[in-house]
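Enquirer: Structure incoming, see below.
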Amino acid sequence: MKITESQLRSIIRGVLVEQDCADTDDGCVKQSNGGEYGPTGTWYILNNKKGGVWKKGFKSKQSAKDSLGAMHARGG
């Protein structure tokens with residue numbers, strides 16, 4: 001089966017909406033419980049466009065939100 005990039009983005013956005021993080025003020029900022037998203041208690045940001053993790057390893061939710069805000073301010 002072959003899908004277009006647009007179809008893939010639509011699927012990813014649907015999954016993120018189910019996770020209650022797309023199109024919200026907080027974005028997709030989540031706290032890690034260990035494993036691939038970083039040490040327990042650190043924060044990470046999910047990628048709304050391509051899926052997966054955009055950045056990880058933040059020490060606080062606010063620092064993750066600040067990084068996400070800076071990216072949006074640059075037009076990313």
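Every chain in the structure tokens has a letter given in the order shown (A, B, ...), and although residue numbers restart at 1 in each chain, ligands are simply numbered from 1 in the order shown.
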Identify, on the basis of only C-alpha atoms, every residue whose closest approach to Val29 (chain A) does not exceed 10 Å; exclude the query and any residue fewer than 6 positions from it along the same chain; express the result as a PDB file with N, CA and C atoms, in the first residue's frame.
Expert:
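Contents of selection.pdb, as written:
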```
ATOM      1  N   CYS A  21      -3.083  16.421  22.466  1.00  0.00           N
ATOM      2  CA  CYS A  21      -1.983  17.370  22.488  1.00  0.00           C
ATOM      3  C   CYS A  21      -1.895  18.239  21.245  1.00  0.00           C
ATOM      4  N   ALA A  22      -2.459  17.854  20.145  1.00  0.00           N
ATOM      5  CA  ALA A  22      -2.394  18.694  18.952  1.00  0.00           C
ATOM      6  C   ALA A  22      -3.366  19.859  19.095  1.00  0.00           C
ATOM      7  N   TRP A  43      11.076  15.964  30.445  1.00  0.00           N
ATOM      8  CA  TRP A  43       9.971  16.309  29.548  1.00  0.00           C
ATOM      9  C   TRP A  43      10.414  16.214  28.099  1.00  0.00           C
ATOM     10  N   TYR A  44       9.489  15.891  27.206  1.00  0.00           N
ATOM     11  CA  TYR A  44       9.783  15.804  25.783  1.00  0.00           C
ATOM     12  C   TYR A  44       8.643  16.403  24.980  1.00  0.00           C
ATOM     13  N   ILE A  45       8.916  16.714  23.706  1.00  0.00           N
ATOM     14  CA  ILE A  45       7.931  17.320  22.820  1.00  0.00           C
ATOM     15  C   ILE A  45       7.733  16.400  21.619  1.00  0.00           C
ATOM     16  N   LEU A  46       6.479  16.041  21.371  1.00  0.00           N
ATOM     17  CA  LEU A  46       6.159  15.226  20.209  1.00  0.00           C
ATOM     18  C   LEU A  46       6.121  16.100  18.964  1.00  0.00           C
ATOM     19  N   ASN A  47       6.459  15.521  17.819  1.00  0.00           N
ATOM     20  CA  ASN A  47       6.451  16.226  16.542  1.00  0.00           C
ATOM     21  C   ASN A  47       5.057  16.120  15.924  1.00  0.00           C
ATOM     22  N   VAL A  53       9.376  11.978  18.298  1.00  0.00           N
ATOM     23  CA  VAL A  53       9.774  12.995  19.262  1.00  0.00           C
ATOM     24  C   VAL A  53      10.554  14.088  18.543  1.00  0.00           C
ATOM     25  N   LYS A  55      11.986  16.977  20.332  1.00  0.00           N
ATOM     26  CA  LYS A  55      13.112  17.194  21.237  1.00  0.00           C
ATOM     27  C   LYS A  55      12.798  16.540  22.572  1.00  0.00           C
ATOM     28  N   LYS A  56      13.836  16.134  23.288  1.00  0.00           N
ATOM     29  CA  LYS A  56      13.624  15.498  24.589  1.00  0.00           C
ATOM     30  C   LYS A  56      14.699  15.940  25.571  1.00  0.00           C
ATOM     31  N   PHE A  58      14.159  17.781  28.513  1.00  0.00           N
ATOM     32  CA  PHE A  58      13.930  19.027  29.246  1.00  0.00           C
ATOM     33  C   PHE A  58      13.749  18.732  30.728  1.00  0.00           C
ATOM     34  N   LYS A  61       8.592  21.229  32.500  1.00  0.00           N
ATOM     35  CA  LYS A  61       7.568  21.403  31.484  1.00  0.00           C
ATOM     36  C   LYS A  61       7.691  22.798  30.873  1.00  0.00           C
ATOM     37  N   GLN A  62       7.988  23.786  31.710  1.00  0.00           N
ATOM     38  CA  GLN A  62       8.094  25.158  31.221  1.00  0.00           C
ATOM     39  C   GLN A  62       9.247  25.311  30.233  1.00  0.00           C
ATOM     40  N   ALA A  64      10.391  23.049  28.230  1.00  0.00           N
ATOM     41  CA  ALA A  64       9.947  22.423  26.988  1.00  0.00           C
ATOM     42  C   ALA A  64       8.981  23.352  26.246  1.00  0.00           C
ATOM     43  N   LYS A  65       8.044  23.956  26.983  1.00  0.00           N
ATOM     44  CA  LYS A  65       7.091  24.881  26.367  1.00  0.00           C
ATOM     45  C   LYS A  65       7.801  26.105  25.799  1.00  0.00           C
ATOM     46  N   LEU A  68       9.372  25.108  22.519  1.00  0.00           N
ATOM     47  CA  LEU A  68       8.323  24.986  21.516  1.00  0.00           C
ATOM     48  C   LEU A  68       7.848  26.369  21.072  1.00  0.00           C
TER      49      LEU A  68
END
```
Enquirer: Please determine, counting only C-alpha atoms, which residue among A:Glu36, A:Ser6, A:Gly41, A:Cys28 has the shortest atom-to-atom distance to Trp54 (chain A).
Expert: A:Cys28
Enquirer: Using only C-alpha atoms, can you tell me which of A:Lys49, A:Lys59, A:Gln31, A:Arg74 comes closest to Gln7 (chain A)?
Expert: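 Closest candidate: A:Lys49.
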Enquirer: Just the number, please: distance in Å from CA of Arg9 (chain A) to CA of Ser60 (chain A), one decimal.
Expert: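 It comes out at 28.3 Å.
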